[in-house]
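Student: So I've got this file, input_13.cif, and it contains mmCIF, C-alpha atoms:
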```
data_protein
#
loop_
_atom_site.label_atom_id
_atom_site.label_comp_id
_atom_site.auth_asym_id
_atom_site.auth_seq_id
_atom_site.Cartn_x
_atom_site.Cartn_y
_atom_site.Cartn_z
CA MET A 29 0.00 0.00 0.00
CA LYS A 30 2.80 2.39 0.99
CA PHE A 31 4.62 1.56 -2.22
CA THR A 32 1.47 2.28 -4.24
CA LEU A 33 0.94 5.61 -2.44
CA LYS A 34 4.56 6.53 -3.09
CA LYS A 35 4.10 5.70 -6.76
CA ILE A 36 0.97 7.86 -6.90
CA ALA A 37 2.74 10.71 -5.15
CA LEU A 38 5.70 10.42 -7.49
CA SER A 39 3.41 10.39 -10.53
CA ALA A 40 1.60 13.47 -9.23
CA THR A 41 4.92 15.26 -8.68
CA LEU A 42 6.10 14.41 -12.17
CA ALA A 43 2.80 15.58 -13.64
CA LEU A 44 3.07 18.90 -11.79
CA SER A 45 6.67 19.28 -12.94
CA THR A 46 5.62 18.66 -16.54
CA LEU A 47 2.81 21.21 -16.29
CA SER A 48 5.20 23.70 -14.75
CA ALA A 49 7.73 23.13 -17.52
CA LEU A 50 5.03 23.63 -20.14
CA ALA A 51 3.88 26.81 -18.41
CA ASN A 52 7.44 28.14 -18.45
CA ASP A 53 8.03 27.11 -22.06
CA THR A 54 8.17 30.20 -24.27
CA ILE A 55 6.44 30.72 -27.60
CA LYS A 56 9.29 31.42 -29.98
CA ILE A 57 8.73 34.16 -32.55
CA GLY A 58 11.50 33.93 -35.13
CA SER A 59 12.49 36.97 -37.16
CA VAL A 60 14.95 37.79 -39.94
CA LEU A 61 15.03 41.51 -40.78
CA SER A 62 17.23 43.96 -42.71
CA VAL A 63 18.26 46.05 -39.71
CA THR A 64 21.43 47.19 -41.50
CA GLY A 65 22.33 47.70 -45.17
CA PRO A 66 20.37 49.50 -47.94
CA ALA A 67 16.99 48.40 -46.54
CA ALA A 68 17.78 49.45 -42.95
CA PHE A 69 15.17 52.18 -42.75
CA LEU A 70 12.58 49.45 -43.29
CA GLY A 71 14.12 46.76 -41.09
CA ASP A 72 15.14 48.91 -38.13
CA PRO A 73 11.59 50.04 -37.20
CA GLU A 74 10.33 46.51 -37.88
CA LEU A 75 12.67 45.06 -35.25
CA LYS A 76 12.00 47.85 -32.76
CA THR A 77 8.26 47.30 -33.15
CA LEU A 78 8.53 43.55 -32.53
CA GLN A 79 10.70 44.15 -29.46
CA LEU A 80 8.29 46.77 -28.13
CA TYR A 81 5.17 44.62 -28.45
CA VAL A 82 6.67 41.29 -27.41
CA GLU A 83 7.72 43.05 -24.20
CA ASP A 84 4.26 44.61 -23.86
CA LEU A 85 2.44 41.31 -24.40
CA ASN A 86 4.67 39.56 -21.88
CA LYS A 87 3.91 42.22 -19.26
CA LYS A 88 0.22 41.46 -19.82
CA GLY A 89 0.71 37.73 -19.24
CA GLY A 90 1.86 36.56 -22.62
CA VAL A 91 -0.21 34.39 -24.94
CA LEU A 92 -2.02 31.20 -23.94
CA GLY A 93 -0.44 31.54 -20.51
CA ARG A 94 3.08 31.48 -21.96
CA GLN A 95 5.66 34.20 -22.48
CA LEU A 96 6.78 35.18 -25.96
CA GLU A 97 10.46 34.98 -26.93
CA LEU A 98 11.69 36.97 -29.91
CA VAL A 99 14.63 35.29 -31.63
CA HIS A 100 15.89 37.66 -34.30
CA TYR A 101 18.74 37.98 -36.80
CA ASP A 102 19.89 40.85 -39.05
CA ASP A 103 20.44 39.77 -42.65
CA GLY A 104 22.19 43.06 -43.54
CA SER A 105 19.87 43.41 -46.57
CA ASP A 106 21.44 40.23 -48.00
CA ALA A 107 19.05 37.53 -49.24
CA THR A 108 21.68 34.79 -48.87
CA LYS A 109 22.11 35.63 -45.19
CA ALA A 110 18.34 35.66 -44.78
CA ASN A 111 18.26 32.08 -46.02
CA SER A 112 21.04 31.00 -43.62
CA PHE A 113 19.42 32.66 -40.61
CA THR A 114 16.04 31.11 -41.43
CA LYS A 115 17.66 27.69 -41.48
CA ARG A 116 19.16 28.42 -38.05
CA LEU A 117 15.81 29.58 -36.67
CA ILE A 118 14.13 26.38 -37.85
CA GLU A 119 16.80 23.82 -37.00
CA ASP A 120 18.51 25.28 -33.93
CA ASP A 121 16.12 27.77 -32.36
CA LYS A 122 13.00 25.64 -32.95
CA ILE A 123 10.71 28.61 -33.62
CA ASP A 124 6.90 28.39 -33.59
CA ILE A 125 6.25 31.07 -36.20
CA LEU A 126 8.33 33.32 -38.46
CA ILE A 127 7.91 37.06 -39.06
CA GLY A 128 10.22 38.90 -41.42
CA GLY A 129 11.76 39.04 -44.75
CA THR A 130 12.05 42.84 -44.91
CA THR A 131 12.68 42.71 -48.65
CA THR A 132 11.20 40.59 -51.42
CA GLY A 133 14.60 39.04 -52.16
CA ALA A 134 15.06 37.99 -48.54
CA THR A 135 11.52 36.68 -48.29
CA MET A 136 11.74 34.56 -51.41
CA SER A 137 15.01 33.03 -50.18
CA MET A 138 13.19 32.03 -46.98
CA VAL A 139 10.04 30.58 -48.56
CA PRO A 140 11.43 27.13 -49.57
CA LEU A 141 12.74 26.56 -46.04
CA VAL A 142 9.51 27.39 -44.20
CA THR A 143 7.50 25.45 -46.77
CA LYS A 144 9.58 22.33 -46.21
CA ALA A 145 9.53 22.75 -42.41
CA GLU A 146 5.79 23.62 -42.43
CA ILE A 147 6.11 26.73 -40.28
CA PRO A 148 3.69 29.69 -40.55
CA PHE A 149 5.52 32.63 -42.12
CA ILE A 150 4.24 36.22 -42.30
CA SER A 151 6.37 38.30 -44.66
CA LEU A 152 6.90 42.07 -44.47
CA ALA A 153 7.85 42.38 -48.16
CA GLY A 154 5.86 44.18 -50.85
CA ALA A 155 6.02 42.18 -54.08
CA VAL A 156 2.99 40.21 -55.21
CA VAL A 157 5.19 37.17 -55.89
CA VAL A 158 5.25 36.53 -52.12
CA ILE A 159 1.61 35.45 -52.20
CA GLU A 160 0.91 34.74 -55.87
CA PRO A 161 0.69 31.92 -56.54
CA VAL A 162 -0.62 31.09 -53.05
CA LYS A 163 1.92 29.27 -50.91
CA LYS A 164 0.34 27.22 -48.12
CA TRP A 165 2.56 28.44 -45.26
CA VAL A 166 3.26 31.99 -46.46
CA PHE A 167 1.28 35.19 -45.71
CA LYS A 168 2.13 38.89 -45.78
CA THR A 169 1.00 42.23 -44.35
CA PRO A 170 2.18 44.96 -46.80
CA HIS A 171 0.08 45.91 -49.79
CA THR A 172 1.38 44.48 -53.06
CA ASP A 173 3.36 46.29 -55.73
CA ARG A 174 0.48 45.64 -58.13
CA MET A 175 -1.88 47.49 -55.80
CA ALA A 176 0.59 50.38 -55.56
CA ALA A 177 0.72 50.70 -59.35
CA GLU A 178 -3.08 50.58 -59.57
CA LYS A 179 -3.51 53.24 -56.88
CA VAL A 180 -1.00 55.54 -58.62
CA PHE A 181 -2.63 55.05 -62.03
CA GLU A 182 -6.05 55.65 -60.46
CA ASP A 183 -4.78 59.06 -59.33
CA MET A 184 -3.14 59.79 -62.69
CA LYS A 185 -6.36 58.96 -64.50
CA LYS A 186 -8.22 61.56 -62.42
CA ARG A 187 -5.61 64.12 -63.51
CA GLY A 188 -5.69 63.25 -67.19
CA ILE A 189 -2.17 61.77 -67.20
CA THR A 190 -1.78 59.05 -69.84
CA LYS A 191 1.92 59.07 -70.83
CA VAL A 192 4.26 57.99 -68.06
CA ALA A 193 7.97 57.30 -67.57
CA LEU A 194 8.79 54.41 -65.24
CA LEU A 195 12.07 54.29 -63.30
CA SER A 196 12.44 51.08 -61.30
CA GLU A 197 15.07 49.60 -59.02
CA THR A 198 16.84 46.35 -59.94
CA SER A 199 16.05 44.90 -56.49
CA GLY A 200 13.47 42.11 -56.16
CA PHE A 201 10.82 44.62 -55.08
CA GLY A 202 11.66 47.06 -57.85
CA GLN A 203 11.66 44.49 -60.62
CA SER A 204 8.43 42.93 -59.45
CA GLY A 205 7.00 46.46 -59.29
CA LYS A 206 8.21 47.09 -62.85
CA LYS A 207 6.53 43.94 -64.09
CA GLU A 208 3.24 44.67 -62.30
CA THR A 209 3.25 48.30 -63.47
CA GLU A 210 3.68 47.15 -67.08
CA VAL A 211 0.81 44.68 -66.64
CA VAL A 212 -1.77 47.10 -65.19
CA ALA A 213 -0.89 50.27 -67.17
CA ALA A 214 -3.25 49.55 -70.08
CA LYS A 215 -6.14 48.92 -67.66
CA TYR A 216 -5.94 52.60 -66.70
CA GLY A 217 -5.27 53.92 -70.19
CA VAL A 218 -1.60 54.60 -69.42
CA THR A 219 1.24 54.22 -71.91
CA LEU A 220 4.80 53.79 -70.60
CA VAL A 221 6.76 56.01 -73.01
CA ALA A 222 10.03 55.49 -71.11
CA ASN A 223 11.19 52.56 -68.99
CA GLU A 224 14.52 52.90 -67.15
CA THR A 225 16.18 51.10 -64.20
CA TYR A 226 18.75 51.89 -61.50
CA GLY A 227 20.66 49.79 -58.95
CA PRO A 228 19.81 49.87 -55.22
CA LYS A 229 23.38 50.99 -54.42
CA ASP A 230 23.61 53.63 -57.17
CA THR A 231 24.62 57.06 -55.88
CA ASP A 232 23.52 58.96 -59.00
CA THR A 233 20.57 58.35 -61.32
CA SER A 234 21.02 61.48 -63.45
CA PRO A 235 21.76 59.55 -66.68
CA GLN A 236 18.46 57.66 -66.50
CA LEU A 237 16.53 60.80 -65.54
CA THR A 238 18.15 62.76 -68.36
CA LYS A 239 16.88 60.17 -70.84
CA ILE A 240 13.42 60.50 -69.35
CA LYS A 241 13.61 64.29 -69.44
CA ASN A 242 14.45 64.15 -73.15
CA THR A 243 11.65 61.69 -73.98
CA GLU A 244 8.87 63.37 -75.92
CA GLY A 245 5.38 63.37 -74.42
CA VAL A 246 6.14 62.35 -70.82
CA GLN A 247 3.50 63.77 -68.45
CA ALA A 248 4.61 62.22 -65.14
CA VAL A 249 7.33 59.97 -63.68
CA PHE A 250 6.71 56.91 -61.51
CA VAL A 251 9.61 55.57 -59.39
CA PHE A 252 9.45 52.02 -58.04
CA GLY A 253 12.03 51.24 -55.35
CA LEU A 254 12.74 51.14 -51.63
CA GLY A 255 15.36 52.25 -49.14
CA GLN A 256 17.76 55.07 -50.00
CA GLY A 257 17.58 54.78 -53.81
CA PRO A 258 14.27 56.62 -54.35
CA ALA A 259 15.53 59.53 -52.22
CA ILE A 260 18.59 59.83 -54.47
CA VAL A 261 16.31 59.72 -57.51
CA THR A 262 14.16 62.50 -56.03
CA LYS A 263 17.19 64.73 -55.38
CA ASN A 264 18.56 64.15 -58.89
CA TYR A 265 15.11 64.87 -60.30
CA ARG A 266 15.08 68.35 -58.78
CA GLN A 267 18.74 68.99 -59.64
CA LEU A 268 17.93 68.35 -63.31
CA GLY A 269 15.06 70.84 -63.11
CA ILE A 270 12.36 68.31 -64.02
CA THR A 271 8.99 69.80 -63.12
CA LEU A 272 6.68 66.93 -64.10
CA PRO A 273 4.58 65.28 -61.34
CA LEU A 274 6.69 62.72 -59.45
CA TYR A 275 5.13 59.57 -58.00
CA GLN A 276 6.80 57.04 -55.70
CA SER A 277 5.65 53.60 -54.53
CA HIS A 278 4.78 52.57 -50.97
CA GLY A 279 8.40 51.37 -50.72
CA VAL A 280 9.26 54.84 -49.34
CA ALA A 281 6.17 55.45 -47.19
CA SER A 282 8.14 56.67 -44.18
CA ASP A 283 9.27 59.90 -42.54
CA GLU A 284 12.79 58.65 -43.17
CA PHE A 285 12.25 59.28 -46.89
CA LEU A 286 11.41 62.91 -46.10
CA LYS A 287 14.65 63.23 -44.13
CA LEU A 288 16.75 61.64 -46.89
CA ALA A 289 15.16 63.55 -49.78
CA GLY A 290 14.79 66.86 -47.93
CA VAL A 291 13.18 69.75 -49.80
CA ALA A 292 13.38 67.74 -53.04
CA ALA A 293 10.48 65.60 -51.78
CA GLU A 294 8.05 68.54 -52.00
CA GLY A 295 5.10 67.59 -54.21
CA VAL A 296 5.92 63.86 -54.35
CA ARG A 297 2.79 61.68 -54.37
CA LEU A 298 2.49 58.06 -53.32
CA PRO A 299 0.11 55.35 -52.10
CA SER A 300 0.50 54.56 -48.39
CA PRO A 301 -1.22 52.87 -45.49
CA ALA A 302 -3.05 55.31 -43.19
CA GLN A 303 -0.13 54.85 -40.77
CA LEU A 304 1.57 58.08 -41.86
CA VAL A 305 -1.42 60.37 -41.28
CA PRO A 306 -3.46 59.14 -38.27
CA GLU A 307 -4.29 62.68 -37.16
CA GLN A 308 -5.79 63.41 -40.60
CA LEU A 309 -8.19 60.45 -40.51
CA PRO A 310 -11.86 61.13 -39.71
CA ALA A 311 -12.97 60.24 -36.18
CA ASN A 312 -15.09 57.32 -37.44
CA ASP A 313 -12.27 55.68 -39.38
CA PRO A 314 -11.87 52.15 -37.87
CA GLN A 315 -8.06 52.35 -38.10
CA LYS A 316 -7.66 55.70 -36.37
CA SER A 317 -7.52 54.57 -32.72
CA MET A 318 -5.26 51.58 -33.43
CA ILE A 319 -2.77 53.60 -35.48
CA THR A 320 -2.75 56.44 -32.95
CA SER A 321 -2.11 53.97 -30.12
CA TYR A 322 0.76 52.35 -32.02
CA ASP A 323 2.28 55.71 -32.97
CA ASN A 324 2.17 56.97 -29.39
CA ALA A 325 3.70 53.77 -27.98
CA TYR A 326 6.52 53.81 -30.54
CA LYS A 327 7.29 57.51 -29.98
CA THR A 328 7.31 57.07 -26.21
CA LYS A 329 9.68 54.10 -26.38
CA TYR A 330 12.09 55.23 -29.10
CA LYS A 331 11.70 59.04 -29.20
CA SER A 332 11.15 58.90 -32.95
CA GLU A 333 8.27 58.70 -35.42
CA ALA A 334 6.67 55.36 -36.22
CA SER A 335 6.69 54.20 -39.84
CA THR A 336 4.55 52.10 -42.14
CA PHE A 337 7.30 49.48 -42.10
CA GLY A 338 7.11 49.15 -38.33
CA GLY A 339 3.35 48.97 -38.83
CA TYR A 340 3.74 45.94 -41.10
CA ALA A 341 5.65 44.16 -38.33
CA TYR A 342 3.07 45.20 -35.72
CA ASP A 343 0.27 43.81 -37.89
CA ALA A 344 2.17 40.54 -38.45
CA LEU A 345 2.66 40.06 -34.72
CA LEU A 346 -0.99 40.89 -33.95
CA LEU A 347 -2.21 38.49 -36.65
CA SER A 348 0.06 35.77 -35.24
CA VAL A 349 -1.17 36.26 -31.67
CA ASP A 350 -4.80 36.43 -32.77
CA ALA A 351 -4.39 33.18 -34.71
CA MET A 352 -2.78 31.41 -31.75
CA LYS A 353 -5.59 32.51 -29.46
CA ARG A 354 -8.27 31.36 -31.90
CA ALA A 355 -6.43 28.08 -32.45
CA GLY A 356 -5.99 27.70 -28.68
CA SER A 357 -2.58 26.30 -29.48
CA THR A 358 0.83 26.95 -31.03
CA ASP A 359 0.46 23.84 -33.17
CA LYS A 360 1.88 25.05 -36.47
CA ALA A 361 -0.84 23.59 -38.70
CA LYS A 362 -3.62 24.94 -36.48
CA VAL A 363 -2.04 28.41 -36.36
CA ARG A 364 -1.61 28.40 -40.14
CA ASP A 365 -5.26 27.50 -40.59
CA ALA A 366 -6.31 30.24 -38.16
CA ILE A 367 -4.27 32.91 -40.00
CA GLU A 368 -5.89 31.87 -43.27
CA ALA A 369 -9.33 32.14 -41.61
CA THR A 370 -8.73 35.75 -40.43
CA LYS A 371 -11.78 37.91 -41.08
CA GLY A 372 -12.32 41.66 -40.58
CA PHE A 373 -9.13 42.14 -38.55
CA VAL A 374 -8.48 45.88 -38.24
CA ALA A 375 -4.77 46.75 -38.17
CA THR A 376 -2.44 49.61 -39.14
CA SER A 377 -2.17 48.51 -42.79
CA GLY A 378 -5.91 48.07 -43.28
CA THR A 379 -8.61 45.53 -42.49
CA PHE A 380 -7.43 41.98 -43.16
CA THR A 381 -9.76 39.30 -44.50
CA MET A 382 -7.80 36.29 -45.70
CA SER A 383 -8.84 33.08 -47.41
CA ALA A 384 -7.41 29.99 -49.07
CA THR A 385 -6.92 32.05 -52.24
CA ASP A 386 -5.76 35.32 -50.60
CA HIS A 387 -2.87 35.24 -48.12
CA MET A 388 -2.70 39.03 -47.73
CA GLY A 389 -6.33 39.98 -47.27
CA LEU A 390 -6.23 43.68 -48.18
CA ASN A 391 -7.95 45.51 -51.04
CA LEU A 392 -7.20 48.81 -52.77
CA SER A 393 -9.16 50.80 -50.18
CA ALA A 394 -6.41 50.02 -47.65
CA PHE A 395 -4.16 52.44 -49.56
CA ARG A 396 -4.42 56.23 -49.14
CA MET A 397 -2.90 58.68 -51.61
CA LEU A 398 -0.53 61.12 -49.92
CA GLU A 399 1.40 64.18 -51.12
CA VAL A 400 4.37 65.94 -49.54
CA LYS A 401 3.43 69.52 -48.66
CA ASN A 402 5.70 71.82 -46.64
CA GLY A 403 7.85 68.84 -45.72
CA LYS A 404 4.95 66.77 -44.35
CA TRP A 405 2.69 63.97 -45.57
CA VAL A 406 -0.78 65.22 -46.45
CA LEU A 407 -3.80 63.05 -47.18
CA MET A 408 -5.08 63.76 -50.70
CA GLN A 409 -8.84 64.05 -51.07
#
```
Any chance you could put this one into structure tokens?

Tutor:
Amino acid sequence: MKFTLKKIALSATLALSTLSALANDTIKIGSVLSVTGPAAFLGDPELKTLQLYVEDLNKKGGVLGRQLELVHYDDGSDATKANSFTKRLIEDDKIDILIGGTTTGATMSMVPLVTKAEIPFISLAGAVVVIEPVKKWVFKTPHTDRMAAEKVFEDMKKRGITKVALLSETSGFGQSGKKETEVVAAKYGVTLVANETYGPKDTDTSPQLTKIKNTEGVQAVFVFGLGQGPAIVTKNYRQLGITLPLYQSHGVASDEFLKLAGVAAEGVRLPSPAQLVPEQLPANDPQKSMITSYDNAYKTKYKSEASTFGGYAYDALLLSVDAMKRAGSTDKAKVRDAIEATKGFVATSGTFTMSATDHMGLNLSAFRMLEVKNGKWVLMQ
């Protein structure tokens, strides 16, 4: 009898120890971001945002009774490094979910690894190739390059602009943007009368802009790139005395672009999430309170302005946490299914409604057209 009681007591102790171990086991959020290199002004606020909100969630008790652990690596804006770090996160760090891929190139180098390992992956990259064709384990929060081109052409159509010069970056994002712009131009009655490219590390784009300037019939210029390149283009544009309307993509939707381009940015138009202009949104806008809350938290923590890129990371983390809660588990397949079943989820980038055929879940209304006036972003009516 004593032996039996001892066995029962021992079993109970082991069970309690197991439960305790499970309670103390962290939920591992893996992340590979471009915190340094040409895409740093995207990756830096992404990492800071994840750190801010993982800490905040943990203070509130974590998720499913467990603390979150952010395991992150900086790929230095190098897609090859992004691949290596993703492999480390999967094999060594044993992550539960992956957020990252600041750039399209980095993201696409990560996709085969997460697909093979069957780990939910929410990308922060812009190109449509991330989600088309649909990849079972891959989702994303930024609007696509196709949507950016459509929003820009929508605005041009209102202004009677039909002949456009395209200047795109040779990065993954820029080239995907070039392709999508070429595809949707005719839909809006736009003819691309010039089509030039520049490298993401180029320090002068005057030769390409001079060609555009000398092209007959050009009514506006559309630049498709991210990071520092578009700011250099904008400065060169003004230096050459080009006075045509200048459009950029959402790849520069950040106050950092205004700092880099300076007074040359005046008059630039671009599609952007509402993130950049929360104070200009009407009181009944469903995104207003969420964006304002995020902006205030980021400013308080880092003494700097929040950006749309940080917003993409915030949305990815919120979508991940929401999916885990609805799944009631960190089981990778269940979390994946829950992300795909997301409906009407209001976030900084828009309202997400995903499905088996749409792993982004945003439509064109999630974009707002902005213009730089007196050195600030202004919502265009």

Student: Quick one: of A:Val296, A:Ala311, A:Val157, A:Ala334, who's nearest to A:Lys404, counting only C-alpha atoms?

Tutor: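 Looking at the shortest contact to A:Lys404, the residue is A:Val296.
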
Student: I'd like to see the residues matched by the PyMOL selection byres ((chain A and resi 244-249) around 6) on this file, and ideally I'd get them as a list in words.

Tutor: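 Taken on the displayed file, the PyMOL selection byres ((chain A and resi 244-249) around 6) yields the residues Lys191, Val192, Ala193, Leu194, Thr243, Phe250, Leu272, Pro273 and Leu274 of chain A.
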
Student: Taking the point (12.6, 28.5, -34.6) as given in the file, collect each protein or nucleic acid residue that comes within 12 Å of it, counting all atoms listed in the file, and present the set as number ranges by chain.

Tutor: A: 54-60, 97-101, 113-127, 141-142, 145-149, 360

Student: Hey, what comes out of the PyMOL selection byres ((chain A and resi 160-165) around 12) on this file? Could you write it as a PDB file with C-alpha atoms, in the frame of the given file?

Tutor:
```pdb
ATOM      1  CA  ILE A 125       6.250  31.070 -36.200  1.00  0.00           C
ATOM      2  CA  LEU A 126       8.330  33.320 -38.460  1.00  0.00           C
ATOM      3  CA  ILE A 127       7.910  37.060 -39.060  1.00  0.00           C
ATOM      4  CA  MET A 136      11.740  34.560 -51.410  1.00  0.00           C
ATOM      5  CA  MET A 138      13.190  32.030 -46.980  1.00  0.00           C
ATOM      6  CA  VAL A 139      10.040  30.580 -48.560  1.00  0.00           C
ATOM      7  CA  PRO A 140      11.430  27.130 -49.570  1.00  0.00           C
ATOM      8  CA  LEU A 141      12.740  26.560 -46.040  1.00  0.00           C
ATOM      9  CA  VAL A 142       9.510  27.390 -44.200  1.00  0.00           C
ATOM     10  CA  THR A 143       7.500  25.450 -46.770  1.00  0.00           C
ATOM     11  CA  LYS A 144       9.580  22.330 -46.210  1.00  0.00           C
ATOM     12  CA  ALA A 145       9.530  22.750 -42.410  1.00  0.00           C
ATOM     13  CA  GLU A 146       5.790  23.620 -42.430  1.00  0.00           C
ATOM     14  CA  ILE A 147       6.110  26.730 -40.280  1.00  0.00           C
ATOM     15  CA  PRO A 148       3.690  29.690 -40.550  1.00  0.00           C
ATOM     16  CA  PHE A 149       5.520  32.630 -42.120  1.00  0.00           C
ATOM     17  CA  ILE A 150       4.240  36.220 -42.300  1.00  0.00           C
ATOM     18  CA  SER A 151       6.370  38.300 -44.660  1.00  0.00           C
ATOM     19  CA  GLY A 154       5.860  44.180 -50.850  1.00  0.00           C
ATOM     20  CA  ALA A 155       6.020  42.180 -54.080  1.00  0.00           C
ATOM     21  CA  VAL A 156       2.990  40.210 -55.210  1.00  0.00           C
ATOM     22  CA  VAL A 157       5.190  37.170 -55.890  1.00  0.00           C
ATOM     23  CA  VAL A 158       5.250  36.530 -52.120  1.00  0.00           C
ATOM     24  CA  ILE A 159       1.610  35.450 -52.200  1.00  0.00           C
ATOM     25  CA  VAL A 166       3.260  31.990 -46.460  1.00  0.00           C
ATOM     26  CA  PHE A 167       1.280  35.190 -45.710  1.00  0.00           C
ATOM     27  CA  LYS A 168       2.130  38.890 -45.780  1.00  0.00           C
ATOM     28  CA  THR A 172       1.380  44.480 -53.060  1.00  0.00           C
ATOM     29  CA  ASP A 173       3.360  46.290 -55.730  1.00  0.00           C
ATOM     30  CA  ARG A 174       0.480  45.640 -58.130  1.00  0.00           C
ATOM     31  CA  SER A 204       8.430  42.930 -59.450  1.00  0.00           C
ATOM     32  CA  LYS A 360       1.880  25.050 -36.470  1.00  0.00           C
ATOM     33  CA  ALA A 361      -0.840  23.590 -38.700  1.00  0.00           C
ATOM     34  CA  LYS A 362      -3.620  24.940 -36.480  1.00  0.00           C
ATOM     35  CA  VAL A 363      -2.040  28.410 -36.360  1.00  0.00           C
ATOM     36  CA  ARG A 364      -1.610  28.400 -40.140  1.00  0.00           C
ATOM     37  CA  ASP A 365      -5.260  27.500 -40.590  1.00  0.00           C
ATOM     38  CA  ALA A 366      -6.310  30.240 -38.160  1.00  0.00           C
ATOM     39  CA  ILE A 367      -4.270  32.910 -40.000  1.00  0.00           C
ATOM     40  CA  GLU A 368      -5.890  31.870 -43.270  1.00  0.00           C
ATOM     41  CA  MET A 382      -7.800  36.290 -45.700  1.00  0.00           C
ATOM     42  CA  SER A 383      -8.840  33.080 -47.410  1.00  0.00           C
ATOM     43  CA  ALA A 384      -7.410  29.990 -49.070  1.00  0.00           C
ATOM     44  CA  THR A 385      -6.920  32.050 -52.240  1.00  0.00           C
ATOM     45  CA  ASP A 386      -5.760  35.320 -50.600  1.00  0.00           C
ATOM     46  CA  HIS A 387      -2.870  35.240 -48.120  1.00  0.00           C
ATOM     47  CA  MET A 388      -2.700  39.030 -47.730  1.00  0.00           C
TER      48      MET A 388
END
```

Student: Is there a way to get, as a PyMOL selection string, all residues within 7 Å of the point (6.5, 53.3, -47.1) in file coordinates, counting only C-alpha atoms?

Tutor: chain A and resi 278-282+300+336-337

Student: Run the PyMOL selection byres ((chain A and resi 381) around 7) on the file and write out the hits as JSON, numbers by chain.

Tutor: {"A": [370, 371, 372, 373, 379, 380, 382, 383, 389, 390]}

Student: Tell me which protein, DNA and RNA residues are within 12 Å of A:Ala293, counting all atoms listed in the file, leaving out same-chain ones fewer than 6 positions away, and put them as a VMD selection string.

Tutor: chain A and resid 258 to 267 273 to 276 280 to 287 399 to 405

Student: Could you tell me how far atom CA of A:Gly188 lies from atom CA of A:Ala289, in Å and to one decimal?

Tutor: 27.2 Å

Student: Which is closer to A:Ala351 than all the others in A:Ala369, A:Lys331, A:Tyr326, A:Gly133, using all atoms listed in the file?

Tutor: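 Counting all atoms listed in the file, the residue closest to A:Ala351 is A:Ala369.
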
Student: Please compute the atom CA of A:Gly71-atom CA of A:Asp106 distance, one decimal, in Å.

Tutor: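 We find that atom CA of A:Gly71 and atom CA of A:Asp106 lie 12.0 Å from each other.
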
Student: When you draw a straight line from atom CA of A:Pro301 to atom CA of A:Val63, how long is it in Å?

Tutor: 21.4 Å

Student: Select, from A:Asp72, A:Glu83, A:Glu197, A:Asp53, the residue with the minimum atom-to-atom distance to A:Gly338, counting all atoms listed in the file.

Tutor: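 Once distances to A:Gly338 are computed over all atoms listed in the file, the minimum belongs to A:Asp72.
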
Student: Taking into account only C-alpha atoms, which residue in the set A:Gln303, A:Thr131, A:Thr358, A:Thr219 is nearest to A:Met184?

Tutor: A:Thr219
